[in-house]
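Quick notes on the structure that follows.
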Amino acid sequence: MARLFEYQSKELLKKQNIPVPSGKVCQTPKQASDAAREINKPVAIKAQTWFTGRAAVGGIGFAENPEEASGIAKNILGKTIRNFTVGEVLVEEKLSIKDEMFASITIDDLERAPVLLFSLKGGSGIEKIARDYPESIIKYTIDINSGLRDFEALNLLRKFDIEGKILLQVSRLLVNLVKVALAYEARSVEINPIAVTEEGKVFAADCRITVDDYAVFRHPDLGITYARELDAPPTPLDKLAYSIEKDDYRGTFYFIQLEKNFKKNERYLGFHGAGGGGSMMSMDAIQRRGYKLANFCDTSGNPPASKVYRAAKIILSQKGIDGYFGSGSGVASQEQIHSARGLVKAFLEENLNIPAVIRLGGNMEEKAVEILQNYTKGVPAPVEGYTKDDSADYCAERMDELLKEYKPLKDNKKPEVGLKKVDYEFETVTGSVKFQYDLCMKCSSKICIESCEPNILKLENGAPVLAVSVADAKKGKCTECLGCELECRMHGENGCYVDLPVEDFA
Ligand code: SF4
Ligand code: SF4
């Protein structure tokens, strides 16, 4: 989920006529003092981060004048709090708050609808407030066709003893908040606190909006370049991984770097899961044996082999990892041969020099393990494949044993990849398939043809060509299953290469 900063969230509220304190986002102390001067009142200076609880960690300060605002901004800007380096502060009018309320809208997966939560008491520790004062809470399921209508909001609030003028403002705020949530396909919107000032005005004093990852492309105006929910800005590798996923809707690929600066006395593994729950279990199993995870990665939902290949390349690009541990749900409905092929291509291209243990539980798992183990026999490090009958704990144990036994080659050379010349090629959804015909002419197996499950290759004068149009192959008839390349490597003359570039990949 893509989280917006407070100032971005407030811009959206403003557009929907929800009052917010006047303020400005600033990147330097000078800008902060200028903003305070312009506001011409005491101001709050707030670090723009994705995590909550900023006040407790020195991320919020108050200033009476522009000089103080500059000093506080200087202290906050550039500070690293919880792995997040603050690059911007919001300087805004300090409100004289009399009362605090709370409102949120979240997608309730059980209700399959947005649910409005309103609390008469707001502020920090809202979960405790909800527990201690259940009578101050309203929960209301929103009809996405009609939104929240004025009379509904008023009826909801009438159970509380709210002064008439305030009641109308809060009710309007709730109606408009629902409009914001629906317009931007938010997974969650939260205003905490809704501030009621001494002057009897109602403001959204703090706000956070999280947009559904899969809706981000419909809202280019939000300027979201990385649709993932993180507490810290993405690393270059996180961004690279996201660039692979963002336009390829076949299956899912999630990657996040957990450690960048490896400690000398720790051992780090690249982790590649498939399916949330099984991945959690697998990560626990390996961490119990004293290993650290360099990254979390998930490829699931029946991803093409090309996506698994790129995921593996990204995991392996983390220099200094000691092993590759792949283990997920164990009973995935996705065809595991695609995962196996993606891994094999990456392991061969990298000449894998760290042990790998991969649990490929799910459809066609026996075949997948066979492909994984047989096709990687030429790499220096051991590669072991397992199925659903082998527990995550057993796989972690094998990983541990291999890591203790295997001594990586000091001078590991990657092989040259690709063909010496290309006589025929066609584009696929994210790459291209290439052939070198002098090798094809010498080949007796022509295995590329039968290994192409979608049946889009045929022989013409003894060499493979497309049996469908170039346009259809590009649109997805070529499923990027990697069958042609890998079977050719094993049984043919190495006359085929599936080129799957990764943007900006070193
Ligand atoms: S299997 Fe390989 S070498 Fe043989 S025809 Fe197909 S692509 Fe060419
Ligand atoms: S040409 Fe056929 S075998 Fe080769 S990647 Fe495409 S679909 Fe797979």
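Letters A, B, ... mark the chains of the structure tokens in the order given; residue numbers begin at 1 per chain; ligand numbers begin at 1, in order shown.
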Report task. Kindly compile the residues surrounding ligand 2 within 7 Å, counting only C-alpha atoms and all ligand atoms, and format them as a list in words. Result ->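 So the residues close to ligand 2 are Val433, Cys448, Ser451, Cys452, Glu453, Pro454, Asn455, Ile456, Leu457, Lys477, Cys478, Thr479, Glu480, Cys481, Leu482, Gly483, Cys484, Glu485 and Val498 of chain A.
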**Report entry** 8 Å contact set for Met490 of chain A, only C-alpha atoms, chain neighbours under 3 positions out, as number ranges by chain
**Finding:** A: 375, 486-487
Report task. Identify, counting only C-alpha atoms and all ligand atoms, the protein, DNA and RNA residues located within 8 Å of ligand 1, and give them as a ChimeraX atom specification. Result -> /A:435-437,439-449,462-464,484-485,487-489,491-496
Only C-alpha atoms, please: the residues just picked out, written as a PDB file, in the first residue's frame.
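Resulting contents of result.pdb:
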```pdb
ATOM      1  CA  PHE A 435      17.731 -17.872 -31.865  1.00  0.00           C
ATOM      2  CA  GLN A 436      21.097 -18.592 -33.486  1.00  0.00           C
ATOM      3  CA  TYR A 437      20.311 -20.644 -36.570  1.00  0.00           C
ATOM      4  CA  LEU A 439      23.369 -23.958 -33.937  1.00  0.00           C
ATOM      5  CA  CYS A 440      19.751 -24.892 -34.675  1.00  0.00           C
ATOM      6  CA  MET A 441      20.804 -26.507 -37.955  1.00  0.00           C
ATOM      7  CA  LYS A 442      23.171 -28.812 -36.079  1.00  0.00           C
ATOM      8  CA  CYS A 443      20.514 -29.673 -33.474  1.00  0.00           C
ATOM      9  CA  SER A 444      18.764 -33.029 -33.700  1.00  0.00           C
ATOM     10  CA  SER A 445      16.397 -32.675 -30.722  1.00  0.00           C
ATOM     11  CA  LYS A 446      14.523 -29.498 -31.784  1.00  0.00           C
ATOM     12  CA  ILE A 447      13.305 -29.683 -28.200  1.00  0.00           C
ATOM     13  CA  CYS A 448      12.379 -25.975 -28.140  1.00  0.00           C
ATOM     14  CA  ILE A 449       9.291 -26.785 -30.209  1.00  0.00           C
ATOM     15  CA  GLY A 462      14.772 -26.882 -39.843  1.00  0.00           C
ATOM     16  CA  ALA A 463      14.808 -23.752 -37.657  1.00  0.00           C
ATOM     17  CA  PRO A 464      12.309 -22.494 -35.039  1.00  0.00           C
ATOM     18  CA  CYS A 484      12.648 -23.146 -24.914  1.00  0.00           C
ATOM     19  CA  GLU A 485      15.897 -21.769 -23.502  1.00  0.00           C
ATOM     20  CA  GLU A 487      15.352 -27.354 -22.534  1.00  0.00           C
ATOM     21  CA  CYS A 488      17.588 -26.263 -25.386  1.00  0.00           C
ATOM     22  CA  ARG A 489      20.467 -25.871 -22.914  1.00  0.00           C
ATOM     23  CA  HIS A 491      19.030 -31.218 -24.800  1.00  0.00           C
ATOM     24  CA  GLY A 492      19.845 -28.973 -27.735  1.00  0.00           C
ATOM     25  CA  GLU A 493      22.748 -26.917 -29.007  1.00  0.00           C
ATOM     26  CA  ASN A 494      22.301 -23.753 -26.964  1.00  0.00           C
ATOM     27  CA  GLY A 495      20.718 -21.972 -29.893  1.00  0.00           C
ATOM     28  CA  CYS A 496      18.026 -20.158 -27.889  1.00  0.00           C
TER      29      CYS A 496
END
```
Between segment 208-284 of chain A and segment 176-189 of chain A, at 7 Å or less, what are the per-residue closest atom pairs and their distances in Å? Count only C-alpha atoms, order by chain and rising residue number, and return it as a Markdown table.
```
| residue | atom | partner | partner_atom | distance |
| --- | --- | --- | --- | --- |
| A:Arg208 | CA | A:Val189 | CA | 5.8 |
| A:Ile209 | CA | A:Val189 | CA | 4.4 |
| A:Thr210 | CA | A:Ser188 | CA | 5.2 |
| A:Val211 | CA | A:Ala186 | CA | 4.1 |
| A:Asp212 | CA | A:Arg187 | CA | 5.3 |
| A:Ala215 | CA | A:Glu185 | CA | 6.5 |
```
Query raised in the report: Hey, which of A:Asp206, A:Asp438, A:Glu425, A:Asp132 ends up closest to Ile60 of chain A? Count only C-alpha atoms.
Result: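 Residue with the minimum atom-to-atom distance to Ile60 of chain A: A:Asp206.
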Query - Pairwise distance for atom CA of Ser171 of chain A and atom CA of Phe5 of chain A, rounded to one decimal in Å - result: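 These two atoms are separated by 24.8 Å.
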Query raised in the report: Using only C-alpha atoms, which of A:Tyr497, A:Tyr424, A:Phe118, A:Tyr214 sits nearest Glu135 of chain A?
Result: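 For Glu135 of chain A, the nearest of the candidates is A:Phe118.
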Residue neighbourhood Gly378 of chain A, 10 Å, only C-alpha atoms, exclusion window fewer than 3 positions, as a tab-separated table (two decimals) with N, CA and C atoms, in the first residue's frame:
```tsv
chain	number	residue	atom	x	y	z
A	347	PHE	N	20.33	-18.82	-11.51
A	347	PHE	CA	21.46	-19.50	-10.87
A	347	PHE	C	22.56	-19.81	-11.90
A	348	LEU	N	22.16	-20.20	-13.11
A	348	LEU	CA	23.15	-20.50	-14.14
A	348	LEU	C	23.88	-19.22	-14.55
A	351	ASN	N	26.29	-18.25	-12.02
A	351	ASN	CA	27.19	-19.35	-11.62
A	351	ASN	C	27.16	-19.48	-10.10
A	352	LEU	N	26.02	-19.80	-9.58
A	352	LEU	CA	25.71	-19.72	-8.15
A	352	LEU	C	26.84	-20.25	-7.27
A	373	GLN	N	17.12	-29.22	-9.63
A	373	GLN	CA	18.36	-29.91	-9.23
A	373	GLN	C	19.18	-30.35	-10.44
A	374	ASN	N	18.51	-30.91	-11.45
A	374	ASN	CA	19.26	-31.44	-12.59
A	374	ASN	C	19.88	-30.33	-13.43
A	375	TYR	N	19.14	-29.24	-13.63
A	375	TYR	CA	19.61	-28.20	-14.55
A	375	TYR	C	20.68	-27.29	-13.93
A	381	ALA	N	27.95	-24.24	-6.38
A	381	ALA	CA	27.33	-24.46	-5.06
A	381	ALA	C	26.23	-25.51	-5.13
A	382	PRO	N	25.94	-26.17	-4.00
A	382	PRO	CA	24.84	-27.15	-4.00
A	382	PRO	C	23.48	-26.46	-4.07
```
Query raised in the report: Restricting the calculation to only C-alpha atoms, which member of A:Lys307, A:Arg172, A:Lys458, A:Arg289 is positioned closest to Tyr394 of chain A?
Result: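 Nearest candidate to Tyr394 of chain A out of A:Lys307, A:Arg172, A:Lys458, A:Arg289: A:Arg289.
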